[in-house]
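Engineer: After the structure tokens below, expect a handful of questions from me.
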Amino acid sequence: MARVQIGRTIRRLRTERNLSQQALANRLGISASYLNLIEHD
């Protein structure tokens with residue numbers, strides 16, 4: 001349950017800051033596909 005909450009929070013904060021998944025992934029040093037998995041897990 002906590003993982004889902006974290007993913008939703010990351011997505012909410014990312015969209016509030018008008019960042020694409022690719023832009024945030026680049027800042028974090030991870031792939032956009034991995035970020036997508038985190039946000040939707």
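Please note that chains go A, B, ... in the order of the structure tokens, that every chain numbers its residues from 1, and that ligands are numbered from 1 in the order shown.
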Fewer than 6 positions away in the same chain doesn't count, so skip those; otherwise give me all residues within 10 Å of Ser20 in chain A, counting only C-alpha atoms, as a VMD selection string.

Structural biologist: chain A and resid 11 14 26 32

Engineer: Could you please take those selected residues and save N, CA and C atoms as a short mmCIF file (atom, residue, chain, number, x, y, z; two decimals), in the first residue's frame?

Structural biologist:
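Now in result.cif:
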```
data_model
loop_
_atom_site.label_atom_id
_atom_site.label_comp_id
_atom_site.auth_asym_id
_atom_site.auth_seq_id
_atom_site.Cartn_x
_atom_site.Cartn_y
_atom_site.Cartn_z
N ARG A 11 4.11 11.33 -8.78
CA ARG A 11 3.42 11.80 -9.99
C ARG A 11 2.76 13.16 -9.76
N ARG A 14 5.44 15.85 -9.57
CA ARG A 14 6.03 16.04 -10.90
C ARG A 14 5.12 16.88 -11.79
N ASN A 26 15.65 12.17 -16.02
CA ASN A 26 17.00 12.69 -16.29
C ASN A 26 17.61 13.30 -15.04
N ALA A 32 13.12 6.84 -18.01
CA ALA A 32 11.71 7.26 -17.95
C ALA A 32 10.81 6.05 -17.76
#
```

Engineer: Out of range 6-39 of chain A, which residues get alpha helix (DSSP H) from DSSP, as a PyMOL selection string?

Structural biologist: chain A and resi 6-16+21-28+32-39

Engineer: Between A:Leu19, A:Leu13, A:Gly7, A:Ala2, which has the minimum distance to Tyr34 in chain A (counting only C-alpha atoms)?

Structural biologist: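 Nearest to Tyr34 in chain A: A:Gly7.
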
Engineer: Considering only C-alpha atoms, return as a PyMOL selection string whatever protein or nucleic-acid residues lie within 12 Å of Ala23 in chain A, sequence-local ones (same chain, fewer than 5 positions apart) excluded.

Structural biologist: chain A and resi 14-15+17-18+28-33+35

Engineer: Which residue out of A:Asp41, A:Asn36, A:Gln21, A:Arg27 has the minimum interatomic distance to Val4 in chain A when only C-alpha atoms are used?

Structural biologist: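 Residue with the minimum atom-to-atom distance to Val4 in chain A: A:Asp41.
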